[in-house]
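Heads up, the thing below is written out as C-alpha cells.
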Amino acid sequence: MHRSHRSNRSIKSRIFNIFTALLLALCIAVSPIAAVPVYAAAPAPSHIDAVLLLDVSNSMNKSDRNKIASEAMKMFIDMLATQGDKVGIVAYTDKVQREKALLQISTAADKQDLKDFIDGLDRGAYTDIAVGVEEAVKVLQNGSDPAHEPMIVMLADGNNDLNESSGRTQSQSDQELNDAVEVAKKNGYPIYTIGLNADGKLNKQILADLSDKTGGKAFATDSADDLPQILSEIFASHLKLKVVPVQSITANGSYQEVTVNVPNASVLEANISIMSSQPVTAKLADPSGNSVPIPSADVLLSKSKTYSLIKLLSPQQGDWKLQVKGVAKDKIDINLVFNYDLELKIDPLSSASYKKGDKIDIASHLFSNGTQVTLSNLYQNMNAVLLATDVDTGAVEEIPLDNSGDVFKGTFEVKESHNYELKVRAEEQSFYRESDTVKISAKTGTAGTGSTGTGAAAANGELAGPAASSKALYFIIGGVLLLLAAGIALWLLWKKSTHGFAGQMVVEVRDGNTGEKTYPQYKKLNGFRGKFTLHQLLQLAPELKESEKLVFTPGKNDRLLLRSGEGISIERSGRAADASRGLELKSGDRISVSLHSVDKTILIEYLV
C-alpha cells in the first residue's frame with residue numbers, strides 16, 4: 001500500500017513538472033519580448049555506449065595474421081572509464097557470427113568479460129557489411145542509455161563477398177545498408193570506420209560514406225600495426241580529447257625514463273598506453289618523487305599481448321616519471337589520453353534578437369561537475385575562439401577571445417540583417433571543448449538591443465489593447481491545455497519505452513542429445529531499457545537465434561512480462577505455460593524454454 005502511494009505521488013509530481021515546463025515554454029513563445037536563452041547546470045561527464053563491429057571473415061587471416069585488430073579493440077575497452085560506460089560487440093561475415101548485447105561496465109571483471117568474448121571469436125566465409133551495420137544499430141536501439149554518448153566502431157578489410165547460393169543480391173545488401181545508416185543518422189549514432197587495406201583492394205569510399213553520413217570519422221591503413229593508434233584516436237575524438245604522443249623509444253634492456261605531464265587538476269583519468277611487440281615492465285613516480293606501485297588503489301594496469309595500459313585515477317597535477325624496460329631493440333610507443341570533467345558554456349545573452357550594427361558582448365566559462373571553474377591558469381593555458389556562422393550565407397567568422405582571466409570573452413558585431421549561430425571552441429594540447437550553439441536573429445523587423453547588446457526588445461513600451469489581451473489569454477489557456485495533453489501522452493510513451501529492469505536471471509543451457517548442462521550464468525538486467533529478447537540475454541549466439549521470439553518487458557512491482565512467438569514451448573514449474581498473450585514472472589519463478597531447431601532447452605530463474 002505504501003509503495004502504491006509513493007508511486008502515485010511520483011506520477012503526480014512528474015505531471016506537475018511537465019505542466020510547469022509547458023506553461024513556461026508557452027509563455028515564452030507568446031511573449032512579445034524576445035526569448036532569452038536559459039542554461040541548465042552542466043551534467044556529469046558523459047559516458048559512452050559503444051558497439052564494436054568486427055569483420056571476422058576468413059580474409060582477415062591474411063590481412064591481420066597476428067590478430068592486432070582484437071588487441072586494438074581490447075585496448076579501446078581498457079581505455080574506457082572504470083564504471084558507467086557500456087560496450088556491445090557484433091562479429092559478422094555474411095551473417096551475424098556472434099554478438100554481445102551492451103554490457104554496463106561496473107568492475108574490472110566486466111571489462112575482462114568483454115575482452116574474453118573478443119578472444120573467443122572465430123572466422124567465417126563471405127562478407128556482407130549491411131548485416132553487421134544493421135545489427136550494430138539494433139544493439140544500440142535495444143540497450144543504449146539516452147544520457148550516454150552512443151557510437152559504433154567498425155573494422156573491415158574489404159568489400160562485400162556475398163554467398164551466391166543464398167540468393168542475396170548486392171542491391172539488396174545496398175538497400176539494407178542505406179536503411180541502417182538512415183536509422184543510425186536519425187538516432188545520432190556516429191559510425192567510426194577503420195579500413196584495413198592489406199591487399200590494396202579496400203573500397204575506402206564505402207566506409208567513408210558510412211562515417212560522413214552519420215557524423216563519425218573514417219580511417220584507413222595498410223598495416224594492422226596502426227590499429228591501436230587509430231582506436232586511441234577514435235576514443236579521444238568521440239570525447240573531444242586529443243592523443244598526446246609522449247615518446248617513442250628503442251628498448252635497451254634497462255629502464256628508460258619518460259615524463260608524463262598532467263596539465264591541471266581537472267583530469268579525471270590519465271590513460272598511458274604502452275605499445276610494443278615484446279613484454280614490457282614499468283615503474284612510476286608521482287610529481288613529488290614518491291614511488292607509486294603499479295597497480296594500486298589509484299593506478300590500474302591492463303596488459304595484453306601487444307600493449308600495457310596504465311590508468312591514473314584523478315592524478316596529481318605535475319610531472320610524473322614513467323620508467324619502462326623492454327626487450328633490447330624493441331620499439332616502444334607511448335601515448336597519453338586524458339579524460340576531463342569539463343564542459344564549456346556561453347553565458348546567457350540579454351536577448352535573441354538584434355539589429356545590424358549591434359555589438360554583442362560574449363562571455364564563456366568552463367564548468368566542472370556543474371560548478372563554474374574559476375582557476376585562471378586553466379583558461380590561460382587554452383586558446384579560445386568564437387565561431388560566428390552567418391546562416392543566410394554560410395560564412396564563418398572566427399574571432400579570438402581574451403583568456404587573461406577566469407573567462408573567455410570578446411565582442412561580436414552584427415554585420416548584416418541575417419540569422420547567426422554562435423559557438424565557442426577552446427582547446428589546449430590534450431583536449432578541446434565546444435559550447436552548445438546559440439542562435440540569434442538580426443532580420444529586418446526584429447527588435448534591436450542597442451550597440452552594447454543590453455537594450456530591451458520592446459523599446460517603445462506600448463501594450464496591446466483589452467481585446468488583444470483577451471484573445472491572447474484564450475490562446476494561452478487553449479495552448480496550455482493542448483500542450484499539457486500532448487506532454488502527458490509523450491511522457492507516458494517515453495516512460496513505457498525506457499522503463500528499466502531490476503534483478504538478474506540465472507541461465508543454463510541443456511543439450512537435448514547429451515543431457516549436459518552449461519554452468520549457470522548470472523545475467524544482470526539493469527543494462528536493458530524498454531524490452532529485451534532472450535536472444536540478447538544469451539549474448540546472441542547464432543545457433544540460438546530461435547530465442548529472438550521471446551521478448552521481456554518490465555511489469556509492475558519489479559515483475560517481468562514474457563511474450564513468445566509461435567513454435568516456442570515454455571514450461572513453468574513443470575507445467576506448460578502460454579506466453580503468447582503475456583506471462584508474468586515474479587522473483588523466484590523458474591521457466592524452461594525448448595528450442596526445437598537445435599534441440600536445446602534454456603533454463604531460466606528470475607531473481608530480484
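Scheme for the C-alpha cells: letters A, B, ... for chains in order shown; per-chain residue numbers from 1; ligand numbers from 1 in order shown.
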
Excluding stretch 315-320 of chain A and any residue of its chain fewer than 4 positions from it, enumerate the residues within 12 Å of it, using only C-alpha atoms, and give them as a JSON list (two decimals) with N, CA and C atoms, in the first residue's frame.
[["chain", "number", "residue", "atom", "x", "y", "z"],
["A", 246, "VAL", "N", 53.83, 10.82, -26.19],
["A", 246, "VAL", "CA", 54.83, 11.11, -25.16],
["A", 246, "VAL", "C", 56.23, 10.91, -25.74],
["A", 257, "GLU", "N", 63.56, 6.36, -18.82],
["A", 257, "GLU", "CA", 62.59, 7.26, -18.19],
["A", 257, "GLU", "C", 61.97, 8.21, -19.19],
["A", 258, "VAL", "N", 60.66, 8.38, -19.06],
["A", 258, "VAL", "CA", 59.94, 9.39, -19.84],
["A", 258, "VAL", "C", 59.08, 10.20, -18.86],
["A", 259, "THR", "N", 58.77, 11.42, -19.25],
["A", 259, "THR", "CA", 57.96, 12.31, -18.41],
["A", 259, "THR", "C", 56.52, 12.32, -18.88],
["A", 260, "VAL", "N", 55.60, 12.16, -17.95],
["A", 260, "VAL", "CA", 54.16, 12.24, -18.23],
["A", 260, "VAL", "C", 53.62, 13.46, -17.49],
["A", 261, "ASN", "N", 53.28, 14.50, -18.24],
["A", 261, "ASN", "CA", 52.81, 15.74, -17.61],
["A", 261, "ASN", "C", 51.30, 15.75, -17.50],
["A", 262, "VAL", "N", 50.80, 15.85, -16.26],
["A", 262, "VAL", "CA", 49.36, 16.04, -16.01],
["A", 262, "VAL", "C", 49.14, 17.54, -15.91],
["A", 263, "PRO", "N", 48.48, 18.15, -16.90],
["A", 263, "PRO", "CA", 48.49, 19.62, -17.02],
["A", 263, "PRO", "C", 47.68, 20.38, -15.98],
["A", 264, "ASN", "N", 46.64, 19.77, -15.42],
["A", 264, "ASN", "CA", 45.83, 20.51, -14.45],
["A", 264, "ASN", "C", 45.05, 19.54, -13.56],
["A", 265, "ALA", "N", 44.35, 20.12, -12.59],
["A", 265, "ALA", "CA", 43.67, 19.31, -11.58],
["A", 265, "ALA", "C", 42.31, 18.81, -12.04],
["A", 266, "SER", "N", 41.90, 19.15, -13.26],
["A", 266, "SER", "CA", 40.59, 18.71, -13.76],
["A", 266, "SER", "C", 40.64, 17.38, -14.49],
["A", 267, "VAL", "N", 41.80, 16.74, -14.52],
["A", 267, "VAL", "CA", 41.92, 15.44, -15.20],
["A", 267, "VAL", "C", 41.26, 14.36, -14.35],
["A", 268, "LEU", "N", 40.28, 13.68, -14.92],
["A", 268, "LEU", "CA", 39.63, 12.56, -14.23],
["A", 268, "LEU", "C", 40.48, 11.31, -14.32],
["A", 269, "GLU", "N", 40.95, 11.03, -15.53],
["A", 269, "GLU", "CA", 41.75, 9.84, -15.77],
["A", 269, "GLU", "C", 42.87, 10.17, -16.76],
["A", 270, "ALA", "N", 44.03, 9.62, -16.53],
["A", 270, "ALA", "CA", 45.12, 9.70, -17.50],
["A", 270, "ALA", "C", 45.41, 8.28, -17.98],
["A", 271, "ASN", "N", 45.17, 8.05, -19.28],
["A", 271, "ASN", "CA", 45.41, 6.74, -19.87],
["A", 271, "ASN", "C", 46.77, 6.75, -20.55],
["A", 272, "ILE", "N", 47.70, 5.95, -20.03],
["A", 272, "ILE", "CA", 49.04, 5.84, -20.61],
["A", 272, "ILE", "C", 49.12, 4.51, -21.34],
["A", 283, "LYS", "N", 57.76, 1.25, -14.05],
["A", 283, "LYS", "CA", 57.76, 1.84, -12.72],
["A", 283, "LYS", "C", 57.20, 3.26, -12.83],
["A", 284, "LEU", "N", 56.66, 3.77, -11.71],
["A", 284, "LEU", "CA", 56.01, 5.07, -11.76],
["A", 284, "LEU", "C", 56.32, 5.87, -10.49],
["A", 285, "ALA", "N", 56.56, 7.17, -10.66],
["A", 285, "ALA", "CA", 56.77, 8.08, -9.53],
["A", 285, "ALA", "C", 55.89, 9.31, -9.72],
["A", 286, "ASP", "N", 55.26, 9.78, -8.63],
["A", 286, "ASP", "CA", 54.37, 10.95, -8.72],
["A", 286, "ASP", "C", 55.20, 12.24, -8.77],
["A", 287, "PRO", "N", 54.55, 13.41, -8.95],
["A", 287, "PRO", "CA", 55.30, 14.68, -9.07],
["A", 287, "PRO", "C", 56.15, 15.01, -7.85],
["A", 288, "SER", "N", 55.85, 14.40, -6.70],
["A", 288, "SER", "CA", 56.66, 14.64, -5.50],
["A", 288, "SER", "C", 57.87, 13.73, -5.43],
["A", 289, "GLY", "N", 57.98, 12.82, -6.38],
["A", 289, "GLY", "CA", 59.10, 11.90, -6.41],
["A", 289, "GLY", "C", 58.86, 10.60, -5.68],
["A", 290, "ASN", "N", 57.66, 10.42, -5.15],
["A", 290, "ASN", "CA", 57.34, 9.20, -4.43],
["A", 290, "ASN", "C", 57.02, 8.06, -5.39],
["A", 291, "SER", "N", 57.54, 6.87, -5.10],
["A", 291, "SER", "CA", 57.25, 5.71, -5.92],
["A", 291, "SER", "C", 55.79, 5.29, -5.75],
["A", 292, "VAL", "N", 55.13, 4.99, -6.86],
["A", 292, "VAL", "CA", 53.72, 4.59, -6.85],
["A", 292, "VAL", "C", 53.61, 3.17, -7.41],
["A", 297, "ALA", "N", 45.70, 1.48, -5.59],
["A", 297, "ALA", "CA", 44.32, 1.96, -5.46],
["A", 297, "ALA", "C", 43.94, 2.94, -6.56],
["A", 298, "ASP", "N", 44.85, 3.87, -6.93],
["A", 298, "ASP", "CA", 44.54, 4.90, -7.92],
["A", 298, "ASP", "C", 45.33, 4.72, -9.21],
["A", 299, "VAL", "N", 45.96, 3.56, -9.37],
["A", 299, "VAL", "CA", 46.70, 3.25, -10.59],
["A", 299, "VAL", "C", 46.30, 1.85, -11.04],
["A", 300, "LEU", "N", 45.59, 1.78, -12.17],
["A", 300, "LEU", "CA", 45.12, 0.50, -12.68],
["A", 300, "LEU", "C", 46.02, 0.04, -13.83],
["A", 310, "ILE", "N", 48.19, 1.84, -18.49],
["A", 310, "ILE", "CA", 48.20, 2.31, -17.10],
["A", 310, "ILE", "C", 47.20, 3.44, -16.99],
["A", 311, "LYS", "N", 46.24, 3.31, -16.10],
["A", 311, "LYS", "CA", 45.19, 4.32, -15.93],
["A", 311, "LYS", "C", 45.38, 4.97, -14.56],
["A", 338, "PHE", "N", 43.96, 11.99, -21.88],
["A", 338, "PHE", "CA", 43.38, 12.45, -20.63],
["A", 338, "PHE", "C", 41.87, 12.52, -20.77],
["A", 339, "ASN", "N", 41.16, 12.14, -19.72],
["A", 339, "ASN", "CA", 39.71, 12.29, -19.69],
["A", 339, "ASN", "C", 39.37, 13.39, -18.68],
["A", 340, "TYR", "N", 38.59, 14.37, -19.12],
["A", 340, "TYR", "CA", 38.32, 15.54, -18.30],
["A", 340, "TYR", "C", 36.86, 15.63, -17.88],
["A", 378, "LEU", "N", 43.88, 27.69, -15.87],
["A", 378, "LEU", "CA", 43.29, 26.75, -16.81],
["A", 378, "LEU", "C", 42.83, 27.47, -18.07]]

Neighbour list for A:Met75 as a list in words, cut-off 10 Å, only C-alpha atoms, skip fewer than 5 positions in-chain: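 What passes the distance filter is Ala69, Ser70, Leu80, Lys115, Pro228, Gln229, Leu231, Ser232, Ser273, Met275, Ser302, Lys303, Ser304, Thr306, Tyr307, Ser308 and Leu309 of chain A.
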
Would you pick out the contacts of stretch 86-94 of chain A at 6 Å or less, using only C-alpha atoms, so that residues sharing its chain but fewer than 6 positions from it are not included, and give the list as a list in words?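 Near stretch 86-94 of chain A, the qualifying residues are Asp49, Ala50, Val51, Leu52, Leu53, Leu54, Asp55, Val56, Ser57, Lys100, Ala101, Leu102, Leu103, Gln104, Ile105, Tyr126, Thr127, Asp128 and Gly132 of chain A.
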
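Every protein, DNA or RNA residue with an atom at most 8 Å from A:Leu202, where only C-alpha atoms count and chain neighbours fewer than 4 positions away do not, is listed here: A:Asp157, A:Gly158, A:Asn159, A:Gly195, A:Leu196, A:Asn197.
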
Can you pull out the residues contacting A:Thr250? Cut-off 9 Å, using only C-alpha atoms, and skip same-chain residues under 3 positions away; I want them as a list in words.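 What passes the distance filter is Gly326, Val327, Ala328, Lys329, Asp330, Lys331, Ile332 and Asp333 of chain A.
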
Can you list, as JSON, numbers by chain, every protein, DNA or RNA residue that comes within 9 Å of stretch 526-538 of chain A when you count only C-alpha atoms, leaving out same-chain residues fewer than 5 positions away? {"A": [86, 99, 100, 101, 102, 103, 104, 139, 142, 143, 144, 145, 495, 496, 497, 498, 499, 500, 501, 502, 503, 504, 505, 507, 544, 545, 546, 547, 548, 549, 550, 551, 552, 553, 554]}

Near-A:Thr193 list (9 Å; only C-alpha atoms; drop same-chain fewer than 3 positions) as a ChimeraX atom specification: /A:152-156,207-208,210-211,216-220
